[in-house]
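Student: See structure.pdb below, with PDB, C-alpha atoms.
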```pdb
ATOM      1  CA  MET A   1     104.595 107.457 109.621  1.00  0.00           C
ATOM      2  CA  PRO A   2     105.534 104.112 111.162  1.00  0.00           C
ATOM      3  CA  VAL A   3     108.096 103.311 113.811  1.00  0.00           C
ATOM      4  CA  ARG A   4     111.468 102.603 112.257  1.00  0.00           C
ATOM      5  CA  VAL A   5     112.480  98.953 112.628  1.00  0.00           C
ATOM      6  CA  THR A   6     115.706  96.684 111.308  1.00  0.00           C
ATOM      7  CA  GLU A   7      88.920  95.636  98.764  1.00  0.00           C
ATOM      8  CA  SER A   8      86.981  93.712  96.722  1.00  0.00           C
ATOM      9  CA  SER A   9      84.593  94.629  93.942  1.00  0.00           C
ATOM     10  CA  THR A  10      84.542  93.979  90.191  1.00  0.00           C
ATOM     11  CA  PRO A  11      86.161  96.823  88.256  1.00  0.00           C
ATOM     12  CA  SER A  12      84.780  98.046  84.978  1.00  0.00           C
ATOM     13  CA  GLN A  13      86.295  97.254  81.606  1.00  0.00           C
ATOM     14  CA  VAL A  14      89.675  98.869  81.063  1.00  0.00           C
ATOM     15  CA  SER A  15      90.469 100.314  77.663  1.00  0.00           C
ATOM     16  CA  GLY A  16      93.392  98.655  75.967  1.00  0.00           C
ATOM     17  CA  THR A  17      95.139 101.772  74.748  1.00  0.00           C
ATOM     18  CA  ASN A  18      95.378 105.382  75.668  1.00  0.00           C
ATOM     19  CA  SER A  19      94.192 107.433  72.697  1.00  0.00           C
ATOM     20  CA  GLY A  20      95.212 110.735  74.212  1.00  0.00           C
ATOM     21  CA  ASP A  21      95.755 112.618  77.430  1.00  0.00           C
ATOM     22  CA  THR A  22      93.511 111.199  80.091  1.00  0.00           C
ATOM     23  CA  ALA A  23      92.788 112.081  83.675  1.00  0.00           C
ATOM     24  CA  PRO A  24      91.353 110.030  86.504  1.00  0.00           C
ATOM     25  CA  PRO A  25      87.593 110.182  86.961  1.00  0.00           C
ATOM     26  CA  ALA A  26      86.419 113.366  88.659  1.00  0.00           C
ATOM     27  CA  CYS A  27      85.503 112.015  92.079  1.00  0.00           C
ATOM     28  CA  THR A  28      83.615 114.382  94.341  1.00  0.00           C
ATOM     29  CA  LEU A  29      85.008 112.473  97.324  1.00  0.00           C
ATOM     30  CA  LEU A  30      88.570 113.307  96.265  1.00  0.00           C
ATOM     31  CA  SER A  31      88.426 117.070  96.675  1.00  0.00           C
ATOM     32  CA  VAL A  32      89.876 119.850  98.788  1.00  0.00           C
ATOM     33  CA  GLY A  33      88.619 119.754 102.369  1.00  0.00           C
ATOM     34  CA  GLN A  34      87.510 116.116 102.246  1.00  0.00           C
ATOM     35  CA  THR A  35      88.381 114.184 105.393  1.00  0.00           C
ATOM     36  CA  PHE A  36      89.009 110.512 106.042  1.00  0.00           C
ATOM     37  CA  SER A  37      89.312 108.490 109.223  1.00  0.00           C
ATOM     38  CA  GLY A  38      90.598 105.011 109.954  1.00  0.00           C
ATOM     39  CA  THR A  39      93.645 103.098 111.101  1.00  0.00           C
ATOM     40  CA  GLN A  40      97.183 102.224 110.158  1.00  0.00           C
ATOM     41  CA  ASN A  41      98.383  98.796 111.172  1.00  0.00           C
ATOM     42  CA  VAL A  42     101.956  99.104 112.404  1.00  0.00           C
ATOM     43  CA  SER A  43     102.248  95.568 113.750  1.00  0.00           C
ATOM     44  CA  SER A  44     105.616  93.860 113.826  1.00  0.00           C
ATOM     45  CA  LEU A  45     106.785  90.376 114.711  1.00  0.00           C
ATOM     46  CA  GLN A  46     106.990  91.499 118.325  1.00  0.00           C
ATOM     47  CA  LYS A  47     103.492  92.934 118.781  1.00  0.00           C
ATOM     48  CA  GLU A  48     100.166  93.830 117.207  1.00  0.00           C
ATOM     49  CA  GLU A  49      99.507  97.554 117.033  1.00  0.00           C
ATOM     50  CA  ALA A  50      97.259  99.936 115.117  1.00  0.00           C
ATOM     51  CA  TRP A  51      97.041 103.726 115.231  1.00  0.00           C
ATOM     52  CA  ARG A  52      93.960 105.811 114.617  1.00  0.00           C
ATOM     53  CA  VAL A  53      94.578 108.083 111.646  1.00  0.00           C
ATOM     54  CA  ASN A  54      92.835 111.158 110.238  1.00  0.00           C
ATOM     55  CA  VAL A  55      93.583 112.566 106.783  1.00  0.00           C
ATOM     56  CA  ARG A  56      92.489 115.821 105.187  1.00  0.00           C
ATOM     57  CA  ILE A  57      93.049 116.796 101.551  1.00  0.00           C
ATOM     58  CA  GLN A  58      94.458 120.321 101.304  1.00  0.00           C
ATOM     59  CA  GLY A  59      94.943 120.579  97.550  1.00  0.00           C
ATOM     60  CA  CYS A  60      94.055 118.570  94.449  1.00  0.00           C
ATOM     61  CA  ASP A  61      95.064 119.217  90.839  1.00  0.00           C
ATOM     62  CA  LEU A  62      93.945 116.310  88.644  1.00  0.00           C
ATOM     63  CA  GLU A  63      95.335 117.950  85.506  1.00  0.00           C
ATOM     64  CA  HIS A  64      98.867 117.699  86.880  1.00  0.00           C
ATOM     65  CA  GLY A  65      98.337 114.477  88.820  1.00  0.00           C
ATOM     66  CA  TYR A  66      98.991 116.210  92.128  1.00  0.00           C
ATOM     67  CA  LEU A  67      97.373 116.382  95.544  1.00  0.00           C
ATOM     68  CA  CYS A  68      98.516 117.205  99.054  1.00  0.00           C
ATOM     69  CA  GLY A  69      97.200 116.961 102.554  1.00  0.00           C
ATOM     70  CA  THR A  70      97.822 116.295 106.212  1.00  0.00           C
ATOM     71  CA  MET A  71      97.849 113.062 108.172  1.00  0.00           C
ATOM     72  CA  GLU A  72      97.334 112.835 111.926  1.00  0.00           C
ATOM     73  CA  ALA A  73      98.186 109.755 114.009  1.00  0.00           C
ATOM     74  CA  LEU A  74      96.268 109.916 117.283  1.00  0.00           C
ATOM     75  CA  ASN A  75      97.488 107.202 119.627  1.00  0.00           C
ATOM     76  CA  VAL A  76     101.205 106.937 118.958  1.00  0.00           C
ATOM     77  CA  PRO A  77     102.740 105.299 122.066  1.00  0.00           C
ATOM     78  CA  MET A  78     105.985 107.282 122.147  1.00  0.00           C
ATOM     79  CA  ALA A  79     104.354 110.685 121.527  1.00  0.00           C
ATOM     80  CA  ASP A  80     102.645 112.973 124.042  1.00  0.00           C
ATOM     81  CA  THR A  81     100.531 114.605 121.334  1.00  0.00           C
ATOM     82  CA  PRO A  82      98.944 113.536 118.041  1.00  0.00           C
ATOM     83  CA  VAL A  83     101.623 113.459 115.351  1.00  0.00           C
ATOM     84  CA  VAL A  84     100.785 115.440 112.212  1.00  0.00           C
ATOM     85  CA  THR A  85     102.627 115.249 108.901  1.00  0.00           C
ATOM     86  CA  PHE A  86     102.247 117.078 105.599  1.00  0.00           C
ATOM     87  CA  TRP A  87     102.258 114.844 102.516  1.00  0.00           C
ATOM     88  CA  GLU A  88     102.274 115.303  98.774  1.00  0.00           C
ATOM     89  CA  GLY A  89     100.785 112.804  96.382  1.00  0.00           C
ATOM     90  CA  GLU A  90     101.238 111.576  92.827  1.00  0.00           C
ATOM     91  CA  ILE A  91      98.114 110.403  90.991  1.00  0.00           C
ATOM     92  CA  VAL A  92      98.793 107.537  88.601  1.00  0.00           C
ATOM     93  CA  ASP A  93      97.107 108.897  85.487  1.00  0.00           C
ATOM     94  CA  THR A  94      99.532 107.472  82.849  1.00  0.00           C
ATOM     95  CA  LYS A  95     100.196 111.057  81.712  1.00  0.00           C
ATOM     96  CA  ASN A  96     102.024 112.602  84.649  1.00  0.00           C
ATOM     97  CA  TYR A  97     102.830 109.418  86.586  1.00  0.00           C
ATOM     98  CA  THR A  98     102.841 105.695  85.882  1.00  0.00           C
ATOM     99  CA  PHE A  99     102.695 102.703  88.228  1.00  0.00           C
ATOM    100  CA  TYR A 100     106.502 102.587  88.364  1.00  0.00           C
ATOM    101  CA  THR A 101     107.802 104.862  91.107  1.00  0.00           C
ATOM    102  CA  GLY A 102     111.408 105.275  89.945  1.00  0.00           C
ATOM    103  CA  LYS A 103     112.595 106.817  93.241  1.00  0.00           C
ATOM    104  CA  TRP A 104     112.366 106.549  97.035  1.00  0.00           C
ATOM    105  CA  GLU A 105     114.317 103.259  96.879  1.00  0.00           C
ATOM    106  CA  ALA A 106     111.398 101.485  95.193  1.00  0.00           C
ATOM    107  CA  SER A 107     112.251  99.099  92.351  1.00  0.00           C
ATOM    108  CA  PRO A 108     109.750  97.935  89.707  1.00  0.00           C
ATOM    109  CA  GLU A 109     109.491  94.671  91.632  1.00  0.00           C
ATOM    110  CA  ASP A 110     108.692  96.584  94.818  1.00  0.00           C
ATOM    111  CA  ASP A 111     106.027  98.472  92.886  1.00  0.00           C
ATOM    112  CA  LYS A 112     104.388  95.304  91.597  1.00  0.00           C
ATOM    113  CA  ARG A 113     104.492  93.625  94.997  1.00  0.00           C
ATOM    114  CA  HIS A 114     102.607  96.524  96.531  1.00  0.00           C
ATOM    115  CA  TRP A 115     100.168  97.329  93.720  1.00  0.00           C
ATOM    116  CA  THR A 116      99.095  93.682  93.504  1.00  0.00           C
ATOM    117  CA  LYS A 117      97.938  93.884  97.131  1.00  0.00           C
ATOM    118  CA  PHE A 118      94.933  95.783  95.759  1.00  0.00           C
ATOM    119  CA  PRO A 119      92.327  93.492  94.098  1.00  0.00           C
ATOM    120  CA  SER A 120      91.292  96.373  91.831  1.00  0.00           C
ATOM    121  CA  PHE A 121      94.777  96.412  90.300  1.00  0.00           C
ATOM    122  CA  SER A 122      94.588  92.839  88.967  1.00  0.00           C
ATOM    123  CA  PRO A 123      93.018  93.721  85.573  1.00  0.00           C
ATOM    124  CA  LEU A 124      95.831  96.213  84.956  1.00  0.00           C
ATOM    125  CA  LEU A 125      98.822  94.035  85.841  1.00  0.00           C
ATOM    126  CA  SER A 126      99.587  92.556  82.440  1.00  0.00           C
ATOM    127  CA  GLN A 127      99.783  95.949  80.741  1.00  0.00           C
ATOM    128  CA  VAL A 128     101.745  97.477  83.614  1.00  0.00           C
ATOM    129  CA  GLU A 129     104.340  94.738  83.182  1.00  0.00           C
ATOM    130  CA  VAL A 130     104.696  95.773  79.544  1.00  0.00           C
ATOM    131  CA  ASP A 131     105.052  99.552  79.823  1.00  0.00           C
ATOM    132  CA  GLY A 132     104.257 100.638  83.375  1.00  0.00           C
ATOM    133  CA  GLY A 133     100.649 101.185  82.332  1.00  0.00           C
ATOM    134  CA  LYS A 134     101.429 104.073  79.973  1.00  0.00           C
ATOM    135  CA  SER A 135      99.009 102.779  77.346  1.00  0.00           C
ATOM    136  CA  LEU A 136      96.118 102.285  79.784  1.00  0.00           C
ATOM    137  CA  ASP A 137      93.123 104.597  79.732  1.00  0.00           C
ATOM    138  CA  LEU A 138      92.162 105.068  83.377  1.00  0.00           C
ATOM    139  CA  SER A 139      89.745 107.959  82.804  1.00  0.00           C
ATOM    140  CA  ASN A 140      86.687 105.810  83.548  1.00  0.00           C
ATOM    141  CA  TYR A 141      88.253 103.368  85.967  1.00  0.00           C
ATOM    142  CA  PRO A 142      86.369 103.243  89.299  1.00  0.00           C
ATOM    143  CA  TYR A 143      89.577 103.390  91.322  1.00  0.00           C
ATOM    144  CA  ILE A 144      92.356 105.963  91.526  1.00  0.00           C
ATOM    145  CA  PHE A 145      95.878 104.811  92.343  1.00  0.00           C
ATOM    146  CA  MET A 146      98.291 107.176  94.043  1.00  0.00           C
ATOM    147  CA  ARG A 147     101.534 107.496  95.955  1.00  0.00           C
ATOM    148  CA  TRP A 148     101.588 109.638  99.103  1.00  0.00           C
ATOM    149  CA  LYS A 149     104.957 110.886 100.344  1.00  0.00           C
ATOM    150  CA  GLU A 150     105.157 112.574 103.737  1.00  0.00           C
ATOM    151  CA  GLN A 151     107.377 115.649 103.476  1.00  0.00           C
ATOM    152  CA  TYR A 152     107.789 116.855 107.050  1.00  0.00           C
ATOM    153  CA  PHE A 153     106.385 116.801 110.573  1.00  0.00           C
ATOM    154  CA  VAL A 154     103.989 119.662 111.259  1.00  0.00           C
ATOM    155  CA  ASN A 155     103.814 119.767 115.055  1.00  0.00           C
ATOM    156  CA  VAL A 156     106.685 117.640 116.370  1.00  0.00           C
ATOM    157  CA  GLY A 157     110.407 117.358 115.758  1.00  0.00           C
ATOM    158  CA  THR A 158     112.254 114.681 113.836  1.00  0.00           C
ATOM    159  CA  ASP A 159     113.255 113.120 117.147  1.00  0.00           C
ATOM    160  CA  CYS A 160     109.679 111.965 117.804  1.00  0.00           C
ATOM    161  CA  GLY A 161     110.584 108.321 117.196  1.00  0.00           C
ATOM    162  CA  LEU A 162     108.762 108.030 113.866  1.00  0.00           C
ATOM    163  CA  THR A 163     110.044 107.974 110.314  1.00  0.00           C
ATOM    164  CA  ILE A 164     108.713 109.574 107.145  1.00  0.00           C
ATOM    165  CA  ALA A 165     111.445 108.133 104.935  1.00  0.00           C
ATOM    166  CA  GLY A 166     109.054 105.877 103.045  1.00  0.00           C
ATOM    167  CA  PHE A 167     105.809 106.431 101.154  1.00  0.00           C
ATOM    168  CA  TYR A 168     102.334 104.958 100.715  1.00  0.00           C
ATOM    169  CA  TYR A 169     100.928 103.061  97.763  1.00  0.00           C
ATOM    170  CA  VAL A 170      97.273 104.148  97.786  1.00  0.00           C
ATOM    171  CA  CYS A 171      94.061 102.945  96.160  1.00  0.00           C
ATOM    172  CA  PHE A 172      91.000 105.216  96.305  1.00  0.00           C
ATOM    173  CA  SER A 173      87.479 103.976  95.530  1.00  0.00           C
ATOM    174  CA  CYS A 174      85.431 106.506  93.559  1.00  0.00           C
ATOM    175  CA  SER A 175      82.187 104.796  94.564  1.00  0.00           C
ATOM    176  CA  ASP A 176      82.400 105.174  98.349  1.00  0.00           C
ATOM    177  CA  GLY A 177      85.544 107.237  99.019  1.00  0.00           C
ATOM    178  CA  SER A 178      87.314 104.475 100.901  1.00  0.00           C
ATOM    179  CA  ILE A 179      91.108 104.382 100.867  1.00  0.00           C
ATOM    180  CA  SER A 180      93.470 101.458 101.212  1.00  0.00           C
ATOM    181  CA  GLY A 181      97.208 101.875 101.366  1.00  0.00           C
ATOM    182  CA  PHE A 182     100.461 100.071 102.051  1.00  0.00           C
ATOM    183  CA  TYR A 183     103.549 101.758 103.464  1.00  0.00           C
ATOM    184  CA  TYR A 184     106.912 101.090 101.839  1.00  0.00           C
ATOM    185  CA  ASP A 185     110.232 101.747 103.532  1.00  0.00           C
ATOM    186  CA  PRO A 186     113.083  99.223 103.350  1.00  0.00           C
ATOM    187  CA  ASN A 187     113.891 100.003 107.010  1.00  0.00           C
ATOM    188  CA  SER A 188     110.343  99.544 108.353  1.00  0.00           C
ATOM    189  CA  SER A 189     108.032  96.572 108.784  1.00  0.00           C
ATOM    190  CA  PRO A 190     106.679  95.607 105.336  1.00  0.00           C
ATOM    191  CA  PHE A 191     103.108  96.094 104.105  1.00  0.00           C
ATOM    192  CA  GLN A 192     101.828  98.234 106.960  1.00  0.00           C
ATOM    193  CA  LYS A 193      98.213  98.757 105.932  1.00  0.00           C
ATOM    194  CA  LEU A 194      96.330 102.051 105.909  1.00  0.00           C
ATOM    195  CA  GLU A 195      92.518 101.809 105.892  1.00  0.00           C
ATOM    196  CA  LEU A 196      90.405 104.971 105.730  1.00  0.00           C
ATOM    197  CA  LYS A 197      86.773 105.838 105.114  1.00  0.00           C
ATOM    198  CA  SER A 198      85.388 109.139 103.899  1.00  0.00           C
ATOM    199  CA  THR A 199      83.771 111.160 106.649  1.00  0.00           C
ATOM    200  CA  ASN A 200      82.102 114.506 107.197  1.00  0.00           C
ATOM    201  CA  GLU A 201      83.458 116.780 109.878  1.00  0.00           C
ATOM    202  CA  GLY A 202      80.916 117.190 112.648  1.00  0.00           C
ATOM    203  CA  ARG A 203      79.500 113.711 112.140  1.00  0.00           C
ATOM    204  CA  SER A 204      82.707 111.761 112.409  1.00  0.00           C
ATOM    205  CA  GLY A 205      83.007 111.467 116.173  1.00  0.00           C
ATOM    206  CA  PHE A 206      86.447 113.087 116.373  1.00  0.00           C
ATOM    207  CA  SER A 207      87.640 116.657 116.676  1.00  0.00           C
ATOM    208  CA  PHE A 208      90.327 118.393 114.684  1.00  0.00           C
ATOM    209  CA  SER A 209      93.184 120.495 115.964  1.00  0.00           C
ATOM    210  CA  THR A 210      94.426 123.465 113.951  1.00  0.00           C
ATOM    211  CA  TYR A 211      97.964 123.767 112.601  1.00  0.00           C
ATOM    212  CA  GLU A 212      99.697 126.366 110.467  1.00  0.00           C
ATOM    213  CA  LEU A 213     101.194 124.759 107.390  1.00  0.00           C
ATOM    214  CA  GLN A 214     104.171 126.287 105.632  1.00  0.00           C
ATOM    215  CA  PRO A 215     105.035 123.617 103.062  1.00  0.00           C
ATOM    216  CA  LYS A 216     108.402 123.383 101.396  1.00  0.00           C
ATOM    217  CA  GLN A 217     108.607 123.803  97.638  1.00  0.00           C
ATOM    218  CA  SER A 218     105.954 121.600  96.079  1.00  0.00           C
ATOM    219  CA  ALA A 219     106.624 118.964  93.463  1.00  0.00           C
ATOM    220  CA  ALA A 220     107.306 120.214  89.969  1.00  0.00           C
ATOM    221  CA  SER A 221     103.872 119.110  88.841  1.00  0.00           C
ATOM    222  CA  CYS A 222     102.123 121.334  91.361  1.00  0.00           C
ATOM    223  CA  SER A 223     100.828 124.594  89.954  1.00  0.00           C
ATOM    224  CA  ASP A 224     101.664 127.845  91.706  1.00  0.00           C
ATOM    225  CA  GLU A 225      98.009 128.272  92.581  1.00  0.00           C
ATOM    226  CA  LEU A 226      97.813 124.898  94.256  1.00  0.00           C
ATOM    227  CA  ALA A 227     101.041 125.444  96.137  1.00  0.00           C
ATOM    228  CA  ALA A 228      99.453 128.572  97.567  1.00  0.00           C
ATOM    229  CA  GLN A 229      96.384 126.573  98.527  1.00  0.00           C
ATOM    230  CA  CYS A 230      98.531 124.115 100.436  1.00  0.00           C
ATOM    231  CA  ALA A 231     100.231 126.904 102.390  1.00  0.00           C
ATOM    232  CA  VAL A 232      97.140 127.750 104.420  1.00  0.00           C
ATOM    233  CA  THR A 233      95.962 127.106 107.924  1.00  0.00           C
ATOM    234  CA  ALA A 234      94.822 123.484 107.990  1.00  0.00           C
ATOM    235  CA  ALA A 235      92.343 121.769 110.217  1.00  0.00           C
ATOM    236  CA  LEU A 236      93.034 118.079 110.587  1.00  0.00           C
TER
END
```
Take the structure I supplied and represent it as structure tokens, if you would.
Tutor:
Amino acid sequence: MPVRVTESSTPSQVSGTNSGDTAPPACTLLSVGQTFSGTQNVSSLQKEEAWRVNVRIQGCDLEHGYLCGTMEALNVPMADTPVVTFWEGEIVDTKNYTFYTGKWEASPEDDKRHWTKFPSFSPLLSQVEVDGGKSLDLSNYPYIFMRWKEQYFVNVGTDCGLTIAGFYYVCFSCSDGSISGFYYDPNSSPFQKLELKSTNEGRSGFSFSTYELQPKQSAASCSDELAAQCAVTAAL
């Protein structure tokens, strides 16, 4: 949710072909109720700036490549209160979603420029260039790649000075639950970096406010049960 303006470890062997329907590894750190804390760098040519950010996962359906959650920016200069947004995510599993976005004004070249910011993506690049990664088997890969798209503001109006027009390219580490991301919006500063670490509420050093979420219609891949899960009172 930036202002509008005009990891490194050795991944495991990646299978060459996808022999059937696969799903990302079942990571206990990527589950409903899990919280993350960190920063988003929103620096521009004019100034250096970073916001503290909290994220909570509200729903996760690996079978359909779907998850959703809330994101809270705590020290936004132009806002009198923390700014909370509801987002929906696509999990790149080569069954429901590939590495090519195909929407949100992102071209294949935009996709590659952002995915290659993640060191863990390097072993996958050559196959992604061939078919978007459709033939890759990511079921045992130690990282999960996602796109997070903010859908609406939860507690402020659209006149808050922020934009949710873009989306995040996200890389999640199954080993430690850390998250790296890069925001894409043609009308915002490029490559704004999101860095989050998994945390446990009560030991994280920050408190959560409570908001009532009434999400709009979920993505087509979201099951009815998960959509109901997302439409609950959330603590972020």
Student: Atom CA of Phe145 of chain A and atom CA of Tyr168 of chain A are how many Å apart?
Tutor: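 Between atom CA of Phe145 of chain A and atom CA of Tyr168 of chain A the gap works out to 10.6 Å.
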Student: Which residue is closest to Ala106 of chain A? Choose from A:Val55, A:Arg147, A:Leu74, A:Ala50 and count only C-alpha atoms.
Tutor: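 Between A:Val55, A:Arg147, A:Leu74, A:Ala50, the residue approaching Ala106 of chain A most closely is A:Arg147.
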Student: Translate the PyMOL selection byres ((chain A and resi 134) around 8) into a concrete residue list for this structure, as an MDAnalysis selection string.
Tutor: chainID A and resid 18 94:95 98 128 131:133 135:136
Student: Evaluate the PyMOL selection byres ((chain A and resi 75) around 12) against this structure - the residues, as a list in words, please.
Tutor: Thr39, Gln40, Asn41, Val42, Glu49, Ala50, Trp51, Arg52, Val53, Asn54, Glu72, Ala73, Leu74, Val76, Pro77, Met78, Ala79, Asp80, Thr81, Pro82, Val83 and Val84 of chain A
Student: Using only C-alpha atoms, can you tell me which of A:Ser178, A:Thr85, A:Ser31, A:Asn187 comes closest to Thr158 of chain A?
Tutor: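 That would be A:Thr85, the residue with the smallest distance to Thr158 of chain A.
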Student: Measuring between all atoms listed in the file, which one of A:Tyr141, A:Phe118, A:Tyr66, A:Phe86 shows the shortest distance to Asn155 of chain A?
Tutor: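 The answer is A:Phe86, which sits nearest to Asn155 of chain A.
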Student: Distance atom CA of Cys171 of chain A-atom CA of Trp104 of chain A, one decimal place?
Tutor: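 Atom CA of Trp104 of chain A lies 18.7 Å from atom CA of Cys171 of chain A.
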Student: Would you compute the distance between atom CA of Leu67 of chain A and atom CA of Glu88 of chain A? Give it in Å to one decimal.
Tutor: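 Separation of atom CA of Leu67 of chain A and atom CA of Glu88 of chain A: 6.0 Å.
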Student: Rank A:Leu30, A:Ile164, A:Cys68, A:Val170 by their smallest atom-to-atom distance to Asp111 of chain A, using all atoms listed in the file, and report the top residue only.
Tutor: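 Answer, going by the shortest atom-to-atom distance: A:Val170.
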Student: Some atoms are absent from segment 177-192 of chain A, so rebuild N, CA, C and O atoms and return them as a JSON list (two decimals), keeping the file's coordinate frame.
Tutor:
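The resulting file, rebuild38.json, is reproduced below:
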```
[["chain", "number", "residue", "atom", "x", "y", "z"],
["A", 177, "GLY", "N", 84.53, 106.39, 98.40],
["A", 177, "GLY", "CA", 85.54, 107.24, 99.02],
["A", 177, "GLY", "C", 86.45, 106.52, 99.98],
["A", 177, "GLY", "O", 87.22, 107.17, 100.70],
["A", 178, "SER", "N", 86.42, 105.20, 100.00],
["A", 178, "SER", "CA", 87.31, 104.48, 100.90],
["A", 178, "SER", "C", 88.73, 104.45, 100.33],
["A", 178, "SER", "O", 88.93, 104.51, 99.12],
["A", 179, "ILE", "N", 89.70, 104.38, 101.24],
["A", 179, "ILE", "CA", 91.11, 104.38, 100.87],
["A", 179, "ILE", "C", 91.80, 103.20, 101.51],
["A", 179, "ILE", "O", 91.65, 102.94, 102.70],
["A", 180, "SER", "N", 92.58, 102.49, 100.71],
["A", 180, "SER", "CA", 93.47, 101.46, 101.21],
["A", 180, "SER", "C", 94.89, 101.85, 100.82],
["A", 180, "SER", "O", 95.11, 102.42, 99.75],
["A", 181, "GLY", "N", 95.83, 101.53, 101.67],
["A", 181, "GLY", "CA", 97.21, 101.88, 101.37],
["A", 181, "GLY", "C", 98.18, 100.92, 102.02],
["A", 181, "GLY", "O", 97.85, 100.25, 103.01],
["A", 182, "PHE", "N", 99.39, 100.87, 101.48],
["A", 182, "PHE", "CA", 100.46, 100.07, 102.05],
["A", 182, "PHE", "C", 101.72, 100.92, 102.10],
["A", 182, "PHE", "O", 102.10, 101.54, 101.11],
["A", 183, "TYR", "N", 102.36, 100.93, 103.27],
["A", 183, "TYR", "CA", 103.55, 101.76, 103.46],
["A", 183, "TYR", "C", 104.78, 100.99, 103.01],
["A", 183, "TYR", "O", 104.94, 99.80, 103.31],
["A", 184, "TYR", "N", 105.66, 101.69, 102.28],
["A", 184, "TYR", "CA", 106.91, 101.09, 101.84],
["A", 184, "TYR", "C", 108.09, 101.89, 102.36],
["A", 184, "TYR", "O", 108.20, 103.10, 102.13],
["A", 185, "ASP", "N", 108.95, 101.21, 103.07],
["A", 185, "ASP", "CA", 110.23, 101.75, 103.53],
["A", 185, "ASP", "C", 111.10, 100.54, 103.82],
["A", 185, "ASP", "O", 110.73, 99.70, 104.66],
["A", 186, "PRO", "N", 112.23, 100.40, 103.13],
["A", 186, "PRO", "CA", 113.08, 99.22, 103.35],
["A", 186, "PRO", "C", 113.49, 99.03, 104.81],
["A", 186, "PRO", "O", 113.83, 97.91, 105.21],
["A", 187, "ASN", "N", 113.46, 100.09, 105.61],
["A", 187, "ASN", "CA", 113.89, 100.00, 107.01],
["A", 187, "ASN", "C", 112.73, 99.91, 108.00],
["A", 187, "ASN", "O", 112.94, 100.06, 109.20],
["A", 188, "SER", "N", 111.51, 99.68, 107.49],
["A", 188, "SER", "CA", 110.34, 99.54, 108.35],
["A", 188, "SER", "C", 109.67, 98.21, 108.09],
["A", 188, "SER", "O", 109.95, 97.54, 107.09],
["A", 189, "SER", "N", 108.77, 97.82, 108.98],
["A", 189, "SER", "CA", 108.03, 96.57, 108.78],
["A", 189, "SER", "C", 107.28, 96.63, 107.46],
["A", 189, "SER", "O", 106.66, 97.65, 107.14],
["A", 190, "PRO", "N", 107.30, 95.56, 106.67],
["A", 190, "PRO", "CA", 106.68, 95.61, 105.34],
["A", 190, "PRO", "C", 105.16, 95.57, 105.39],
["A", 190, "PRO", "O", 104.55, 95.04, 106.31],
["A", 191, "PHE", "N", 104.55, 96.17, 104.37],
["A", 191, "PHE", "CA", 103.11, 96.09, 104.10],
["A", 191, "PHE", "C", 102.25, 96.56, 105.29],
["A", 191, "PHE", "O", 101.22, 95.96, 105.59],
["A", 192, "GLN", "N", 102.68, 97.64, 105.93],
["A", 192, "GLN", "CA", 101.83, 98.23, 106.96],
["A", 192, "GLN", "C", 100.62, 98.85, 106.27],
["A", 192, "GLN", "O", 100.75, 99.69, 105.39]]
```
